[in-house]
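Participant: First the structure, which I've put down as structure tokens, then a few questions once you've had a look.
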Amino acid sequence: MAERAEKKDDAKLLFDWSSWRSKFPPLEDHSQAKLDVLRGYIEDYIQILCTGNPGQDRFRLTLVDGFSGGGIYHGEKFGSPFVLLQAVKVAEARINEFRKKRIAIDCQFYFVDAKKDAIECLGYHLRQNGYGNDIDRSIFLIREEFAKAQERIVTESCRRFSRGGCRVIFFLDQCGYTDAPPYLLRSISEKLNWKAEFIVNFAIDWLTAYVKSKETFRKIYPSLGISHVLPIEKVFEATANPKFDAQYVVESLIGPAFKEVSASPFFSPFYIQAPKSNRGYWLVHLAPQRRARFAMLDVYWRNANGCRHFGHTGLDMLSYKPNANPTGYLEGLEFGDVTGTDVQKHLVQDFAKKIRDNHASGISYDSLLNEYCNQTMANKKIIHEALVDLMQSGEIEVAGQKGGGKRVDRIESADVIKPGYSPFLLRVPRSQKKPLKPDS
């Protein structure tokens, strides 16, 4: 117990800006890896949202950093507020590089922290880095607990997006695991017309340590806000299994329970762990749209060995399968090339069975993605490639919604997928296939 208390004290020092006029807290490698994922996601997703409407000249967005800290770390390294500000600028520049009609990203930023020192430090360095004129115009600094500050943010966002087209992304980099409970996220989503999106960080080192101590875990478990959908005894039962690491238990049981209570339809429950570091974060992404989840998965695959999944590589990725690679349950799987190949191989097998057993009358590609994307660590490209493999082997047939010629190398959103009648009789070598162009 003393060791865990000591870890908490150490963690507080990592996010302490009380002496910011003379020194800053350190930015650890796993924290940098987390910020890299955040930056990549915001840059990518803004570009996705602005694609397909060449006549649009303004795109409105709100970004909320619910536990912003002071924004600056030792060595003049930027924290999450500056990462968000810079990501929007980069995305806007990339979008306009090839557009005839320029589009402006009209983004409002809310930086929230309960600590006076953190807000003072952040305000000072925003002014030092050229953002002074934006404070109280497009940048709002709020010294308050997030649970309270969100009331103002939700009210102002509803006013700003009065026609219901709100896009508000919350980055909730809490120091522990209880300051952003799923029932609060559900309340925010409901007030924002079910269009809010959340990237929630959990200090997984502490949480998995507590899971191993029944007495302590019984005390903290209710604060997670999921006990009514996940009985604590199920967590203890899974933790006692020597085939599972505690991080698998968290991802496979607590993750789905958190998603259920938050009422977000799409989620990714993966981990951030920097190379050469034994520490990491559990970064849960909750989104109202499928394309947001795929955008996040693209970032995970691009960051490769900085990201990890505990489970297996096929569908139902969080379930236990005796024949699966045990490494996935004990050490986790990196988002690298070897894992990617394994994911596609197992998706070919799993989709063949799912389509044959559950969709004999056909299912649209769009519906298939909605139904199964939460069940796999694959991004859209890998899913598309797996289905093309099945088409070219005769295991499935894909045609337009109104019939017509069967497709052999691509799938469009409204296409209907049905079981084939020549399973695995002929497999076209990869070198003979045309370039793949999955739909948006």
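Going by the structure tokens order, chains are called A, B, ..., each with residues numbered from 1, while ligands are numbered from 1 in the order shown.
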Using only C-alpha atoms, find each residue of stretch 10-97 of chain A with at least one atom at most 12 Å away from an atom of stretch 284-290 of chain A; report its shortest atom-to-atom pair and that distance in Å (one decimal), sort the rows by chain and rising residue number, and return the result as a tab-separated table.

Facilitator:
```
residue	atom	partner	partner_atom	distance
A:Lys34	CA	A:Val284	CA	11.5
A:Val37	CA	A:His285	CA	11.2
A:Leu38	CA	A:His285	CA	10.6
A:Tyr41	CA	A:His285	CA	10.7
A:Tyr45	CA	A:Gln289	CA	11.3
A:Leu49	CA	A:Gln289	CA	11.1
```

Participant: Could you please take those selected residues and save all heavy atoms as a PDB file, in the first residue's frame?

Facilitator:
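Contents of result13.pdb, freshly written:
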```pdb
ATOM      1  N   LYS A  34       1.543   9.656 -25.918  1.00  0.00           N
ATOM      2  CA  LYS A  34       0.110   9.974 -25.842  1.00  0.00           C
ATOM      3  C   LYS A  34      -0.188  11.258 -26.616  1.00  0.00           C
ATOM      4  O   LYS A  34      -1.180  11.338 -27.354  1.00  0.00           O
ATOM      5  CB  LYS A  34      -0.289  10.108 -24.379  1.00  0.00           C
ATOM      6  CG  LYS A  34      -1.697  10.597 -24.116  1.00  0.00           C
ATOM      7  CD  LYS A  34      -1.912  10.796 -22.631  1.00  0.00           C
ATOM      8  CE  LYS A  34      -0.918  11.765 -22.034  1.00  0.00           C
ATOM      9  NZ  LYS A  34      -1.036  11.911 -20.582  1.00  0.00           N
ATOM     10  N   VAL A  37      -0.247  10.716 -30.353  1.00  0.00           N
ATOM     11  CA  VAL A  37      -1.515  10.149 -30.813  1.00  0.00           C
ATOM     12  C   VAL A  37      -2.579  11.240 -30.899  1.00  0.00           C
ATOM     13  O   VAL A  37      -3.333  11.325 -31.880  1.00  0.00           O
ATOM     14  CB  VAL A  37      -1.983   9.012 -29.873  1.00  0.00           C
ATOM     15  CG1 VAL A  37      -3.426   8.597 -30.176  1.00  0.00           C
ATOM     16  CG2 VAL A  37      -1.065   7.810 -30.011  1.00  0.00           C
ATOM     17  N   LEU A  38      -2.654  12.092 -29.895  1.00  0.00           N
ATOM     18  CA  LEU A  38      -3.634  13.186 -29.901  1.00  0.00           C
ATOM     19  C   LEU A  38      -3.414  14.100 -31.094  1.00  0.00           C
ATOM     20  O   LEU A  38      -4.369  14.454 -31.808  1.00  0.00           O
ATOM     21  CB  LEU A  38      -3.521  13.978 -28.592  1.00  0.00           C
ATOM     22  CG  LEU A  38      -4.420  15.213 -28.476  1.00  0.00           C
ATOM     23  CD1 LEU A  38      -5.895  14.815 -28.472  1.00  0.00           C
ATOM     24  CD2 LEU A  38      -4.076  16.017 -27.216  1.00  0.00           C
ATOM     25  N   TYR A  41      -4.398  12.405 -34.388  1.00  0.00           N
ATOM     26  CA  TYR A  41      -5.839  12.222 -34.539  1.00  0.00           C
ATOM     27  C   TYR A  41      -6.530  13.531 -34.912  1.00  0.00           C
ATOM     28  O   TYR A  41      -7.352  13.571 -35.840  1.00  0.00           O
ATOM     29  CB  TYR A  41      -6.454  11.673 -33.251  1.00  0.00           C
ATOM     30  CG  TYR A  41      -7.950  11.561 -33.356  1.00  0.00           C
ATOM     31  CD1 TYR A  41      -8.535  10.575 -34.159  1.00  0.00           C
ATOM     32  CD2 TYR A  41      -8.795  12.464 -32.708  1.00  0.00           C
ATOM     33  CE1 TYR A  41      -9.905  10.491 -34.295  1.00  0.00           C
ATOM     34  CE2 TYR A  41     -10.165  12.386 -32.842  1.00  0.00           C
ATOM     35  CZ  TYR A  41     -10.718  11.393 -33.638  1.00  0.00           C
ATOM     36  OH  TYR A  41     -12.077  11.315 -33.786  1.00  0.00           O
ATOM     37  N   TYR A  45      -8.484  13.907 -38.371  1.00  0.00           N
ATOM     38  CA  TYR A  45      -9.944  13.924 -38.347  1.00  0.00           C
ATOM     39  C   TYR A  45     -10.515  15.237 -38.872  1.00  0.00           C
ATOM     40  O   TYR A  45     -11.558  15.250 -39.536  1.00  0.00           O
ATOM     41  CB  TYR A  45     -10.448  13.637 -36.931  1.00  0.00           C
ATOM     42  CG  TYR A  45     -11.907  13.263 -36.888  1.00  0.00           C
ATOM     43  CD1 TYR A  45     -12.455  12.417 -37.869  1.00  0.00           C
ATOM     44  CD2 TYR A  45     -12.751  13.736 -35.902  1.00  0.00           C
ATOM     45  CE1 TYR A  45     -13.792  12.063 -37.833  1.00  0.00           C
ATOM     46  CE2 TYR A  45     -14.091  13.385 -35.861  1.00  0.00           C
ATOM     47  CZ  TYR A  45     -14.603  12.545 -36.834  1.00  0.00           C
ATOM     48  OH  TYR A  45     -15.934  12.197 -36.806  1.00  0.00           O
ATOM     49  N   LEU A  49     -13.240  15.488 -41.874  1.00  0.00           N
ATOM     50  CA  LEU A  49     -14.513  16.201 -41.733  1.00  0.00           C
ATOM     51  C   LEU A  49     -14.682  17.286 -42.787  1.00  0.00           C
ATOM     52  O   LEU A  49     -15.811  17.636 -43.146  1.00  0.00           O
ATOM     53  CB  LEU A  49     -14.603  16.816 -40.333  1.00  0.00           C
ATOM     54  CG  LEU A  49     -14.702  15.830 -39.168  1.00  0.00           C
ATOM     55  CD1 LEU A  49     -14.583  16.567 -37.841  1.00  0.00           C
ATOM     56  CD2 LEU A  49     -15.995  15.048 -39.215  1.00  0.00           C
TER      57      LEU A  49
END
```

Participant: Which residues come within 7 Å of stretch 173-179 of chain A, counting only C-alpha atoms, excluding same-chain residues fewer than 4 positions away, as JSON, numbers by chain?

Facilitator: {"A": [66, 67, 200, 201, 202, 203, 223, 224]}

Participant: Could you pull out all residues of stretch 159-232 of chain A with a DSSP call of strand (DSSP E) and give them as a compact mmCIF listing (two decimals) with C-alpha atoms, in the first residue's frame?

Facilitator:
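What follows is the written file part-v8.txt:
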```txt
# COMPACT_ATOMS: atom_id res chain seq x y z
CA VAL A 168 -17.11 19.05 -29.71
CA ILE A 169 -14.12 16.86 -28.89
CA PHE A 170 -13.12 16.46 -25.25
CA PHE A 171 -9.58 15.45 -24.35
CA LEU A 172 -9.76 14.29 -20.73
CA ALA A 196 -19.81 14.79 -28.46
CA GLU A 197 -16.58 12.84 -28.71
CA PHE A 198 -14.20 11.90 -25.90
CA ILE A 199 -10.56 10.85 -25.63
CA VAL A 200 -10.18 9.72 -22.02
CA ASN A 201 -6.89 8.88 -20.36
CA PHE A 202 -6.57 6.51 -17.41
```

Participant: What residues in stretch 21-224 of chain A get the DSSP label alpha helix (DSSP H)? Please answer as a ChimeraX atom specification.

Facilitator: /A:29-49,80-96,116-128,146-160,182-191,204-211,214-220

Participant: One decimal, in Å: what's the spacing between atom CA of A:Ser31 and atom CA of A:Phe82?

Facilitator: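 According to the coordinates, atom CA of A:Ser31 and atom CA of A:Phe82 are separated by 14.2 Å.
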
Participant: So which residues touch stretch 253-267 of chain A within 9 Å, counting only C-alpha atoms, skipping near sequence neighbours fewer than 5 positions away, as a PyMOL selection string?

Facilitator: chain A and resi 181-187+189+194+196-197+224-227+229-230+234-235+238+248+284-290+292-293+318+370+373-374

Participant: Just to be explicit: take each residue in the selection above, keep N, CA, C and O atoms, and write the result as a short mmCIF file (atom, residue, chain, number, x, y, z; two decimals), in the first residue's frame.

Facilitator:
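As written to disk, result_26.cif reads:
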```
data_model
loop_
_atom_site.label_atom_id
_atom_site.label_comp_id
_atom_site.auth_asym_id
_atom_site.auth_seq_id
_atom_site.Cartn_x
_atom_site.Cartn_y
_atom_site.Cartn_z
N PRO A 181 -16.02 10.25 -15.11
CA PRO A 181 -16.83 9.02 -15.09
C PRO A 181 -17.74 8.93 -16.30
O PRO A 181 -18.15 9.95 -16.86
N PRO A 182 -18.09 7.72 -16.71
CA PRO A 182 -18.87 7.54 -17.94
C PRO A 182 -20.27 8.14 -17.87
O PRO A 182 -20.80 8.57 -18.89
N TYR A 183 -20.87 8.18 -16.68
CA TYR A 183 -22.21 8.76 -16.60
C TYR A 183 -22.17 10.27 -16.85
O TYR A 183 -23.12 10.85 -17.38
N LEU A 184 -21.04 10.93 -16.51
CA LEU A 184 -20.89 12.35 -16.83
C LEU A 184 -20.75 12.53 -18.34
O LEU A 184 -21.34 13.46 -18.91
N LEU A 185 -20.00 11.65 -18.98
CA LEU A 185 -19.84 11.74 -20.43
C LEU A 185 -21.17 11.52 -21.14
O LEU A 185 -21.48 12.17 -22.14
N ARG A 186 -21.97 10.60 -20.61
CA ARG A 186 -23.30 10.36 -21.19
C ARG A 186 -24.16 11.62 -21.08
O ARG A 186 -24.86 12.00 -22.03
N SER A 187 -24.12 12.28 -19.94
CA SER A 187 -24.90 13.50 -19.74
C SER A 187 -24.46 14.59 -20.73
O SER A 187 -25.30 15.28 -21.32
N SER A 189 -23.01 14.11 -23.66
CA SER A 189 -23.43 13.69 -25.00
C SER A 189 -24.90 13.99 -25.25
O SER A 189 -25.29 14.48 -26.32
N TRP A 194 -26.00 14.12 -28.79
CA TRP A 194 -25.30 12.85 -29.03
C TRP A 194 -24.21 12.97 -30.09
O TRP A 194 -23.95 12.04 -30.84
N ALA A 196 -21.09 14.54 -29.15
CA ALA A 196 -19.81 14.79 -28.46
C ALA A 196 -18.88 13.59 -28.61
O ALA A 196 -19.33 12.45 -28.77
N GLU A 197 -17.61 13.88 -28.56
CA GLU A 197 -16.58 12.84 -28.71
C GLU A 197 -15.59 12.99 -27.56
O GLU A 197 -15.30 14.11 -27.12
N LEU A 224 -15.58 4.34 -10.30
CA LEU A 224 -15.45 4.21 -11.75
C LEU A 224 -16.78 4.39 -12.46
O LEU A 224 -16.83 4.65 -13.66
N GLY A 225 -17.88 4.22 -11.74
CA GLY A 225 -19.20 4.46 -12.31
C GLY A 225 -19.73 3.36 -13.21
O GLY A 225 -20.61 3.60 -14.03
N ILE A 226 -19.22 2.13 -13.03
CA ILE A 226 -19.66 1.04 -13.91
C ILE A 226 -20.13 -0.18 -13.13
O ILE A 226 -20.47 -1.21 -13.73
N SER A 227 -20.17 -0.10 -11.81
CA SER A 227 -20.47 -1.28 -10.99
C SER A 227 -21.86 -1.85 -11.26
O SER A 227 -22.10 -3.03 -11.06
N VAL A 229 -23.24 -2.23 -14.14
CA VAL A 229 -23.24 -3.05 -15.36
C VAL A 229 -22.15 -4.12 -15.34
O VAL A 229 -22.19 -5.06 -16.13
N LEU A 230 -21.16 -3.96 -14.47
CA LEU A 230 -20.07 -4.94 -14.35
C LEU A 230 -19.84 -5.25 -12.88
O LEU A 230 -19.15 -4.50 -12.19
N LYS A 234 -16.82 -10.29 -11.17
CA LYS A 234 -16.36 -10.69 -12.50
C LYS A 234 -14.95 -10.20 -12.76
O LYS A 234 -14.14 -10.89 -13.40
N VAL A 235 -14.63 -9.03 -12.25
CA VAL A 235 -13.29 -8.48 -12.41
C VAL A 235 -12.30 -9.32 -11.62
O VAL A 235 -11.22 -9.68 -12.11
N ALA A 238 -11.64 -12.72 -13.32
CA ALA A 238 -10.73 -12.63 -14.47
C ALA A 238 -9.30 -12.34 -14.03
O ALA A 238 -8.34 -12.88 -14.58
N TYR A 248 -5.23 -6.79 -19.67
CA TYR A 248 -6.25 -7.45 -20.48
C TYR A 248 -7.60 -7.40 -19.77
O TYR A 248 -8.64 -7.16 -20.39
N VAL A 284 -8.95 5.63 -23.86
CA VAL A 284 -10.24 5.18 -24.38
C VAL A 284 -10.83 6.27 -25.26
O VAL A 284 -11.00 7.41 -24.81
N HIS A 285 -11.13 5.91 -26.49
CA HIS A 285 -11.73 6.85 -27.44
C HIS A 285 -13.20 6.48 -27.63
O HIS A 285 -13.52 5.35 -28.00
N LEU A 286 -14.08 7.44 -27.38
CA LEU A 286 -15.52 7.24 -27.50
C LEU A 286 -16.05 8.22 -28.53
O LEU A 286 -15.83 9.43 -28.41
N ALA A 287 -16.73 7.71 -29.55
CA ALA A 287 -17.12 8.57 -30.67
C ALA A 287 -18.54 8.29 -31.13
O ALA A 287 -19.03 7.16 -31.03
N PRO A 288 -19.21 9.30 -31.68
CA PRO A 288 -20.57 9.11 -32.20
C PRO A 288 -20.59 8.61 -33.63
O PRO A 288 -21.66 8.24 -34.13
N GLN A 289 -19.45 8.62 -34.31
CA GLN A 289 -19.40 8.24 -35.71
C GLN A 289 -18.31 7.20 -35.96
O GLN A 289 -17.23 7.26 -35.37
N ARG A 290 -18.61 6.31 -36.87
CA ARG A 290 -17.67 5.25 -37.21
C ARG A 290 -16.38 5.79 -37.81
O ARG A 290 -15.29 5.29 -37.50
N ALA A 292 -14.83 8.38 -37.10
CA ALA A 292 -13.93 8.87 -36.05
C ALA A 292 -13.12 7.73 -35.48
O ALA A 292 -11.92 7.87 -35.22
N ARG A 293 -13.76 6.58 -35.26
CA ARG A 293 -13.02 5.43 -34.75
C ARG A 293 -11.95 5.00 -35.74
O ARG A 293 -10.81 4.70 -35.36
N LEU A 318 -11.79 -8.75 -27.76
CA LEU A 318 -11.62 -8.72 -26.32
C LEU A 318 -12.00 -10.03 -25.63
O LEU A 318 -11.82 -10.17 -24.43
N ASN A 370 -20.55 -0.99 -39.45
CA ASN A 370 -21.18 -0.54 -38.21
C ASN A 370 -21.25 -1.67 -37.18
O ASN A 370 -21.03 -1.46 -35.99
N CYS A 373 -17.05 -3.09 -36.55
CA CYS A 373 -15.80 -2.31 -36.42
C CYS A 373 -15.32 -2.22 -34.97
O CYS A 373 -14.12 -2.18 -34.71
N ASN A 374 -16.24 -2.21 -33.99
CA ASN A 374 -15.82 -2.16 -32.59
C ASN A 374 -15.18 -3.47 -32.13
O ASN A 374 -14.59 -3.51 -31.05
#
```

Participant: Go ahead and compute the interatomic distance for atom CA of A:Ser252 and atom CA of A:Leu297, in Å to one decimal.

Facilitator: 17.4 Å

Participant: Could you give me, as a PDB file with N, CA and C atoms, in the first residue's frame, the residues within 8 Å of A:Val343, counting only C-alpha atoms and dropping anything in the same chain fewer than 5 positions from it?

Facilitator:
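So around-v4.pdb came out as:
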```
ATOM      1  N   THR A 313      -6.265 -10.985 -32.304  1.00  0.00           N
ATOM      2  CA  THR A 313      -6.255 -10.202 -33.542  1.00  0.00           C
ATOM      3  C   THR A 313      -7.486 -10.381 -34.403  1.00  0.00           C
ATOM      4  N   GLY A 314      -8.399 -11.291 -34.066  1.00  0.00           N
ATOM      5  CA  GLY A 314      -9.574 -11.495 -34.890  1.00  0.00           C
ATOM      6  C   GLY A 314     -10.760 -10.669 -34.425  1.00  0.00           C
ATOM      7  N   MET A 377      -9.240  -4.727 -33.968  1.00  0.00           N
ATOM      8  CA  MET A 377      -8.212  -3.692 -33.925  1.00  0.00           C
ATOM      9  C   MET A 377      -7.820  -3.252 -35.335  1.00  0.00           C
ATOM     10  N   ALA A 378      -8.533  -3.742 -36.347  1.00  0.00           N
ATOM     11  CA  ALA A 378      -8.243  -3.373 -37.732  1.00  0.00           C
ATOM     12  C   ALA A 378      -8.786  -1.988 -38.049  1.00  0.00           C
ATOM     13  N   ILE A 382      -7.537  -2.410 -43.547  1.00  0.00           N
ATOM     14  CA  ILE A 382      -7.317  -3.838 -43.305  1.00  0.00           C
ATOM     15  C   ILE A 382      -8.618  -4.616 -43.477  1.00  0.00           C
TER      16      ILE A 382
END
```

Participant: With distances taken over only C-alpha atoms, which of A:Ala360, A:Gly404, A:His346, A:Tyr73 is nearest to A:Asn323?

Facilitator: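 For A:Asn323, the nearest of the given residues is A:His346.
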
Participant: Kindly indicate which residue among A:Gln32, A:Asn241, A:Asn379, A:Asn129 lies nearest to A:Tyr300, using only C-alpha atoms for the distances.

Facilitator: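 Nearest candidate to A:Tyr300 out of A:Gln32, A:Asn241, A:Asn379, A:Asn129: A:Asn379.
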
Participant: For A:Leu85, find every residue with an atom within 12 Å (counting only C-alpha atoms), except residues of its own chain fewer than 5 positions away, and show them as a ChimeraX atom specification.

Facilitator: /A:38-39,42-43,62-65,71,78-80,90-92,105-111,126,129-131,134,138-139

Participant: Taking only C-alpha atoms into account, name the residue in A:Tyr421, A:Trp301, A:Trp20, A:Phe244 that is nearest to A:Gly328.

Facilitator: A:Phe244

Participant: Atom CA of A:Tyr271 and atom CA of A:Gly332, how far apart in Å?

Facilitator: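 Answer for the atom CA of A:Gly332 to atom CA of A:Tyr271 separation: 9.2 Å.
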
Participant: Skipping near chain neighbours, those fewer than 3 positions away, what residues fall within 12 Å of A:Val338 using only C-alpha atoms, listed as a ChimeraX atom specification?

Facilitator: /A:301,304-305,313,333-335,341-345

Participant: Tell me which protein, DNA and RNA residues are within 8 Å of A:Val154, counting only C-alpha atoms, leaving out same-chain ones fewer than 6 positions away, and put them as a ChimeraX atom specification.

Facilitator: /A:188,191-192
